[in-house]
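Trainee: Data file my_file-v4.pdb (PDB, C-alpha atoms) is appended below.
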```pdb
MODEL        1
ATOM      1  CA  PRO A   1     -17.706   3.486  -7.884
ATOM      2  CA  ALA A   2     -16.963   0.025  -6.570
ATOM      3  CA  SER A   3     -13.737  -1.716  -7.564
ATOM      4  CA  PRO A   4     -14.107  -3.399 -10.979
ATOM      5  CA  ALA A   5     -13.345  -7.090 -11.291
ATOM      6  CA  ALA A   6     -10.590  -8.061 -13.725
ATOM      7  CA  GLU A   7     -10.050 -11.313 -15.602
ATOM      8  CA  ALA A   8      -6.537 -12.703 -16.071
ATOM      9  CA  GLY A   9      -4.657 -11.036 -18.890
ATOM     10  CA  THR A  10      -7.378  -8.504 -19.590
ATOM     11  CA  THR A  11      -8.287  -5.033 -18.517
ATOM     12  CA  ASN A  12     -11.592  -3.991 -17.052
ATOM     13  CA  GLY A  13     -12.116  -0.446 -15.901
ATOM     14  CA  LEU A  14      -8.793   0.795 -14.554
ATOM     15  CA  MET A  15      -7.553  -2.443 -13.030
ATOM     16  CA  ARG A  16      -5.385  -5.161 -14.580
ATOM     17  CA  TYR A  17      -4.806  -8.708 -13.361
ATOM     18  CA  ASP A  18      -1.959 -10.475 -15.205
ATOM     19  CA  GLY A  19      -1.637 -13.687 -13.214
ATOM     20  CA  THR A  20      -1.510 -16.875 -15.285
ATOM     21  CA  ALA A  21      -2.364 -19.122 -12.368
ATOM     22  CA  VAL A  22      -4.258 -18.766  -9.131
ATOM     23  CA  VAL A  23      -2.420 -20.526  -6.321
ATOM     24  CA  GLY A  24      -3.801 -21.000  -2.838
ATOM     25  CA  GLY A  25      -7.341 -19.831  -3.438
ATOM     26  CA  ALA A  26      -9.570 -17.927  -5.814
ATOM     27  CA  ARG A  27      -9.286 -14.203  -6.348
ATOM     28  CA  ASP A  28     -11.773 -12.412  -4.155
ATOM     29  CA  ILE A  29     -12.720  -8.852  -5.121
ATOM     30  CA  GLY A  30     -15.169  -8.303  -2.279
ATOM     31  CA  ALA A  31     -14.066  -9.924   0.954
ATOM     32  CA  TYR A  32     -12.689  -8.143   3.986
ATOM     33  CA  GLU A  33     -11.607  -9.524   7.323
ATOM     34  CA  SER A  34     -10.901  -7.527  10.464
ATOM     35  CA  PRO A  35      -7.386  -8.516  11.540
ATOM     36  CA  PHE A  36      -6.582 -10.031  14.893
ATOM     37  CA  VAL A  37      -3.966  -7.842  16.580
ATOM     38  CA  PRO A  38      -1.604  -9.980  18.672
ATOM     39  CA  ASP A  39      -0.063  -8.930  21.951
ATOM     40  CA  GLY A  40       3.212  -7.160  21.306
ATOM     41  CA  ALA A  41       2.200  -5.717  17.934
ATOM     42  CA  ASN A  42       3.727  -2.305  17.259
ATOM     43  CA  THR A  43       2.516   0.960  15.763
ATOM     44  CA  TYR A  44       4.625   3.276  13.614
ATOM     45  CA  TYR A  45       4.045   6.786  12.255
ATOM     46  CA  VAL A  46       4.756   8.802   9.121
ATOM     47  CA  ASN A  47       3.923  12.475   8.508
ATOM     48  CA  ASP A  48       4.728  15.091   5.893
ATOM     49  CA  SER A  49       6.240  18.495   6.691
ATOM     50  CA  SER A  50       2.955  19.929   8.000
ATOM     51  CA  THR A  51       0.731  19.176  10.984
ATOM     52  CA  SER A  52      -2.387  20.655   9.349
ATOM     53  CA  GLY A  53      -5.298  18.239   9.631
ATOM     54  CA  ASP A  54      -3.230  15.549  11.332
ATOM     55  CA  ILE A  55      -4.954  12.862  13.376
ATOM     56  CA  TYR A  56      -2.193  10.319  14.072
ATOM     57  CA  THR A  57       0.846  12.490  14.839
ATOM     58  CA  CYS A  58       1.652  15.743  16.623
ATOM     59  CA  LEU A  59       4.844  16.856  14.829
ATOM     60  CA  ALA A  60       6.073  17.108  11.255
ATOM     61  CA  GLY A  61       7.886  14.089   9.889
ATOM     62  CA  SER A  62      11.668  13.829   9.642
ATOM     63  CA  ASP A  63      13.769  10.945   8.288
ATOM     64  CA  VAL A  64      16.275  10.581  11.115
ATOM     65  CA  ALA A  65      17.644   7.497  12.825
ATOM     66  CA  SER A  66      15.080   5.527  14.853
ATOM     67  CA  CYS A  67      12.188   7.792  13.877
ATOM     68  CA  GLY A  68       8.641   6.581  13.577
ATOM     69  CA  ASP A  69       7.894   4.610  16.730
ATOM     70  CA  THR A  70       5.884   7.361  18.473
ATOM     71  CA  PRO A  71       3.349   9.990  17.300
ATOM     72  CA  GLY A  72       5.795  12.680  18.428
ATOM     73  CA  ASP A  73       8.664  11.405  16.270
ATOM     74  CA  PRO A  74       7.217  10.415  12.876
ATOM     75  CA  CYS A  75       9.333   9.573   9.864
ATOM     76  CA  ALA A  76       8.776  11.615   6.711
ATOM     77  CA  THR A  77       8.530   8.615   4.358
ATOM     78  CA  VAL A  78       7.409   5.007   4.554
ATOM     79  CA  ASN A  79      10.585   3.799   2.840
ATOM     80  CA  PHE A  80      12.815   5.362   5.493
ATOM     81  CA  LEU A  81      10.664   3.912   8.256
ATOM     82  CA  LEU A  82      11.085   0.450   6.697
ATOM     83  CA  SER A  83      14.857   0.954   6.756
ATOM     84  CA  GLN A  84      14.722   1.580  10.526
ATOM     85  CA  TRP A  85      12.306  -1.059  11.763
ATOM     86  CA  ASN A  86      11.549  -4.716  11.062
ATOM     87  CA  LEU A  87       7.774  -4.976  10.897
ATOM     88  CA  GLY A  88       6.144  -8.041  12.370
ATOM     89  CA  PRO A  89       2.704  -9.679  12.297
ATOM     90  CA  GLY A  90      -0.042  -7.343  13.480
ATOM     91  CA  ASP A  91       2.030  -4.153  13.169
ATOM     92  CA  THR A  92       0.421  -0.979  11.788
ATOM     93  CA  VAL A  93       2.038   1.993  10.028
ATOM     94  CA  TYR A  94      -0.094   5.148  10.263
ATOM     95  CA  VAL A  95       0.484   7.678   7.464
ATOM     96  CA  ASP A  96      -1.001  11.013   8.465
ATOM     97  CA  THR A  97      -2.806  13.693   6.475
ATOM     98  CA  GLY A  98      -0.518  15.260   3.912
ATOM     99  CA  GLN A  99       0.720  15.779   0.387
ATOM    100  CA  TYR A 100       3.558  13.345  -0.124
ATOM    101  CA  GLY A 101       5.609  14.039  -3.253
ATOM    102  CA  MET A 102       8.234  11.979  -5.013
ATOM    103  CA  ASN A 103       9.866  10.909  -1.747
ATOM    104  CA  ALA A 104       6.654   9.056  -0.995
ATOM    105  CA  ILE A 105       7.174   6.390  -3.678
ATOM    106  CA  THR A 106       6.809   3.280  -1.548
ATOM    107  CA  ARG A 107       8.225  -0.183  -2.162
ATOM    108  CA  ILE A 108       7.170  -2.850   0.308
ATOM    109  CA  SER A 109       8.845  -6.234  -0.120
ATOM    110  CA  ASN A 110       8.580  -9.531   1.709
ATOM    111  CA  ALA A 111      11.838  -8.571   3.456
ATOM    112  CA  ASP A 112      10.180  -5.414   4.787
ATOM    113  CA  ALA A 113       6.764  -6.683   5.752
ATOM    114  CA  ASP A 114       5.468 -10.237   5.895
ATOM    115  CA  GLY A 115       2.368 -10.607   8.007
ATOM    116  CA  THR A 116       0.376 -13.750   8.687
ATOM    117  CA  PRO A 117      -3.202 -14.519   7.623
ATOM    118  CA  ALA A 118      -4.383 -14.012  11.204
ATOM    119  CA  ALA A 119      -2.216 -10.930  11.868
ATOM    120  CA  PRO A 120      -1.512  -8.942   8.702
ATOM    121  CA  ILE A 121       0.671  -5.851   8.524
ATOM    122  CA  THR A 122      -1.340  -2.693   7.837
ATOM    123  CA  PHE A 123      -0.410   0.588   6.156
ATOM    124  CA  GLN A 124      -3.190   2.969   7.166
ATOM    125  CA  GLY A 125      -3.829   6.379   5.610
ATOM    126  CA  VAL A 126      -6.428   8.903   6.713
ATOM    127  CA  SER A 127      -9.935   8.185   5.447
ATOM    128  CA  GLY A 128     -11.262  10.384   2.689
ATOM    129  CA  GLY A 129      -8.031  10.271   0.696
ATOM    130  CA  LEU A 130      -6.237  12.772   2.912
ATOM    131  CA  SER A 131      -2.946  10.852   2.716
ATOM    132  CA  THR A 132      -1.954  11.626  -0.876
ATOM    133  CA  PHE A 133       0.976  10.246  -2.868
ATOM    134  CA  SER A 134       1.470  12.353  -6.001
ATOM    135  CA  ASN A 135       3.916  12.156  -8.893
ATOM    136  CA  THR A 136       5.417  15.466 -10.011
ATOM    137  CA  LEU A 137       7.765  14.213 -12.753
ATOM    138  CA  PRO A 138       6.939  14.595 -16.473
ATOM    139  CA  VAL A 139       7.643  10.868 -17.030
ATOM    140  CA  PRO A 140       5.738   8.963 -14.344
ATOM    141  CA  PRO A 141       7.558   6.329 -12.266
ATOM    142  CA  ASN A 142       6.279   2.772 -12.393
ATOM    143  CA  ALA A 143       4.068   2.865  -9.301
ATOM    144  CA  GLY A 144       3.186   4.927  -6.268
ATOM    145  CA  ILE A 145       2.972   1.891  -3.990
ATOM    146  CA  THR A 146       4.525  -1.474  -4.890
ATOM    147  CA  LEU A 147       4.000  -4.711  -2.961
ATOM    148  CA  SER A 148       6.834  -6.954  -4.165
ATOM    149  CA  ASN A 149       6.451 -10.617  -3.153
ATOM    150  CA  ALA A 150       4.664  -9.294  -0.065
ATOM    151  CA  LYS A 151       2.240 -11.464   1.857
ATOM    152  CA  ASN A 152      -0.614 -10.573   4.209
ATOM    153  CA  VAL A 153      -0.249  -6.802   3.839
ATOM    154  CA  ARG A 154      -3.146  -4.331   4.032
ATOM    155  CA  VAL A 155      -3.088  -0.928   2.300
ATOM    156  CA  TYR A 156      -6.024   1.246   3.384
ATOM    157  CA  ASP A 157      -7.231   4.796   2.686
ATOM    158  CA  PHE A 158      -4.604   6.304   0.385
ATOM    159  CA  ARG A 159      -4.954   8.622  -2.596
ATOM    160  CA  VAL A 160      -2.398   7.786  -5.309
ATOM    161  CA  ARG A 161      -2.179   9.786  -8.510
ATOM    162  CA  GLY A 162      -0.044  10.524 -11.523
ATOM    163  CA  PHE A 163       2.064   7.351 -11.693
ATOM    164  CA  SER A 164       2.239   4.699 -14.418
ATOM    165  CA  ASN A 165       0.325   2.413 -12.052
ATOM    166  CA  GLY A 166      -1.176   3.627  -8.821
ATOM    167  CA  ILE A 167      -0.638   0.442  -6.800
ATOM    168  CA  PHE A 168       1.327  -2.534  -8.138
ATOM    169  CA  ILE A 169       1.260  -6.033  -6.597
ATOM    170  CA  ARG A 170       4.002  -8.128  -8.182
ATOM    171  CA  GLU A 171       5.410 -11.604  -7.816
ATOM    172  CA  PHE A 172       8.752 -12.605  -9.269
ATOM    173  CA  GLY A 173      11.268 -15.415  -8.929
ATOM    174  CA  GLY A 174       8.592 -18.003  -8.160
ATOM    175  CA  GLN A 175       7.814 -16.459  -4.797
ATOM    176  CA  ARG A 176       4.258 -15.664  -3.814
ATOM    177  CA  ALA A 177       2.581 -12.281  -3.499
ATOM    178  CA  THR A 178      -0.524 -13.418  -1.719
ATOM    179  CA  ASN A 179      -3.387 -12.420   0.576
ATOM    180  CA  ASN A 180      -2.792  -8.678   0.249
ATOM    181  CA  VAL A 181      -5.720  -6.248   0.449
ATOM    182  CA  ILE A 182      -6.087  -2.819  -1.190
ATOM    183  CA  ARG A 183      -9.097  -1.105   0.380
ATOM    184  CA  ASN A 184     -10.748   2.333   0.359
ATOM    185  CA  CYS A 185      -8.031   3.860  -1.828
ATOM    186  CA  THR A 186      -8.567   6.482  -4.516
ATOM    187  CA  LEU A 187      -6.529   5.965  -7.695
ATOM    188  CA  LEU A 188      -6.410   9.102  -9.838
ATOM    189  CA  SER A 189      -4.930   9.945 -13.238
ATOM    190  CA  ASN A 190      -2.480   7.053 -13.346
ATOM    191  CA  LEU A 191      -1.160   6.433 -16.849
ATOM    192  CA  TYR A 192      -1.984   2.735 -17.217
ATOM    193  CA  PHE A 193      -3.851   1.226 -14.272
ATOM    194  CA  GLY A 194      -5.081   2.221 -10.860
ATOM    195  CA  VAL A 195      -4.153  -1.249  -9.569
ATOM    196  CA  GLN A 196      -2.068  -3.848 -11.393
ATOM    197  CA  ILE A 197      -1.515  -7.408 -10.149
ATOM    198  CA  LEU A 198       1.269  -9.260 -11.968
ATOM    199  CA  GLY A 199       2.724 -12.768 -11.750
ATOM    200  CA  ALA A 200       1.791 -16.408 -11.964
ATOM    201  CA  PHE A 201       2.019 -16.746  -8.185
ATOM    202  CA  ALA A 202       0.239 -13.511  -7.290
ATOM    203  CA  SER A 203      -2.865 -15.044  -5.772
ATOM    204  CA  ALA A 204      -5.726 -14.450  -3.345
ATOM    205  CA  ASN A 205      -5.171 -10.701  -3.405
ATOM    206  CA  ARG A 206      -8.200  -8.482  -2.801
ATOM    207  CA  VAL A 207      -9.157  -5.105  -4.221
ATOM    208  CA  VAL A 208     -12.088  -3.798  -2.197
ATOM    209  CA  SER A 209     -14.210  -0.623  -2.280
ATOM    210  CA  ASN A 210     -11.716   1.596  -4.083
ATOM    211  CA  ALA A 211     -12.415   4.536  -6.381
ATOM    212  CA  PHE A 212     -10.848   4.647  -9.840
ATOM    213  CA  GLU A 213     -10.767   7.859 -11.860
ATOM    214  CA  GLY A 214      -9.517   8.318 -15.406
ATOM    215  CA  LYS A 215      -6.222   9.105 -17.048
TER
ENDMDL
END
```
Would you write out, as C-alpha cells, the structure that this file holds?
Mentor:
Amino acid sequence: PASPAAEAGTTNGLMRYDGTAVVGGARDIGAYESPFVPDGANTYYVNDSSTSGDIYTCLAGSDVASCGDTPGDPCATVNFLLSQWNLGPGDTVYVDTGQYGMNAITRISNADADGTPAAPITFQGVSGGLSTFSNTLPVPPNAGITLSNAKNVRVYDFRVRGFSNGIFIREFGGQRATNNVIRNCTLLSNLYFGVQILGAFASANRVVSNAFEGK
C-alpha cells in the first residue's frame, strides 16, 4: 500500500507526525526529486557477513579502520562507516543485500550527514527489501534508523522490522530536521510506528511509496 498521510499529533495507519509547526514549507507525502550528483561526490559501501545475493560489494563487511570506500572493502555497519568518513553533499552509502542484526541500529545526525537541497546524502539499500535491519531483543530499541537533526538525507529501499519505531526523524534543541526523504522502504512489525516524525522544527520531510505492515 501507499504511504498513509498523517496529521500533526495524530496517527493514521502506521505513521505518526508529531510536529507542532511546519517551518520552511508544507509537508509533502508524495514528491520525489532526482538528486544532482556534484563532481567529487563519494560512494561508500556496507555489507553483512555474507556475499550471497550481493550487488554492490564483492566481499563480506568488516568494521576495520578506513573501511567502506571501495566495493572490495565494505564496512559491516553504517554506524562504523560514519565514524570513519565525513559524508558530504551528493555522497551515497550503498548497503548491500543482507540480514543486519542489532549492530545495524543506525543513528544519522547532522554531524554525520548534512546534504544540501540540490545534492542530498543518500543511504541506498537493495530494492525489494533485501537490505534488512531486524531487532532480535525481547524489548525493542527505540528505532532501527534514526535521523537526528539531519537535513537533506535520503533513505531508500530498506526493510526495518521489530523495533519500537522503524524509522524515526527527530528534531531537538531548536535545530531543524528538514527535507529528508524515506522512500521504497518496508516497515514490518514495529511496536508503535513504521515512521515517526517528531519535533516542532521537523519540517518538509517526505514519506514516499513505502509499505507498512502491522504489529
Trainee: Can you work out the spacing between CA of Asp91 in chain A and CA of Thr43 in chain A in Å, to one decimal?
Mentor: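 Atom-to-atom, CA of Asp91 in chain A and CA of Thr43 in chain A are spaced 5.8 Å apart.
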Trainee: Could you pull out every residue with an atom within 6 Å of (1.0, 2.0, -19.4), file coordinates, counting all atoms listed in the file, and send them as a ChimeraX atom specification?
Mentor: /A:164,191-192
Trainee: Kindly resolve the PyMOL selection byres ((chain A and resi 124-128) around 10) on the present coordinates and return the residues as a PyMOL selection string.
Mentor: chain A and resi 45-46+53-56+92-98+121-123+129-132+154-159+183-186
Trainee: Restricting the calculation to all atoms listed in the file: of A:Val78, A:Ile169, A:Leu59, A:Val207, which residue gets closest to Val181 in chain A?
Mentor: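 Checking each of A:Val78, A:Ile169, A:Leu59, A:Val207 against Val181 in chain A, counting all atoms listed in the file, the winner is A:Val207.
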Trainee: What is the distance between CA of Ala119 in chain A and CA of Ile105 in chain A, in Å to one decimal?
Mentor: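 Distance reported for this atom pair: 25.1 Å.
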Trainee: Taking into account all atoms listed in the file, which residue in the set A:Cys58, A:Cys67, A:Ala143, A:Leu82 is nearest to Val195 in chain A?
Mentor: A:Ala143
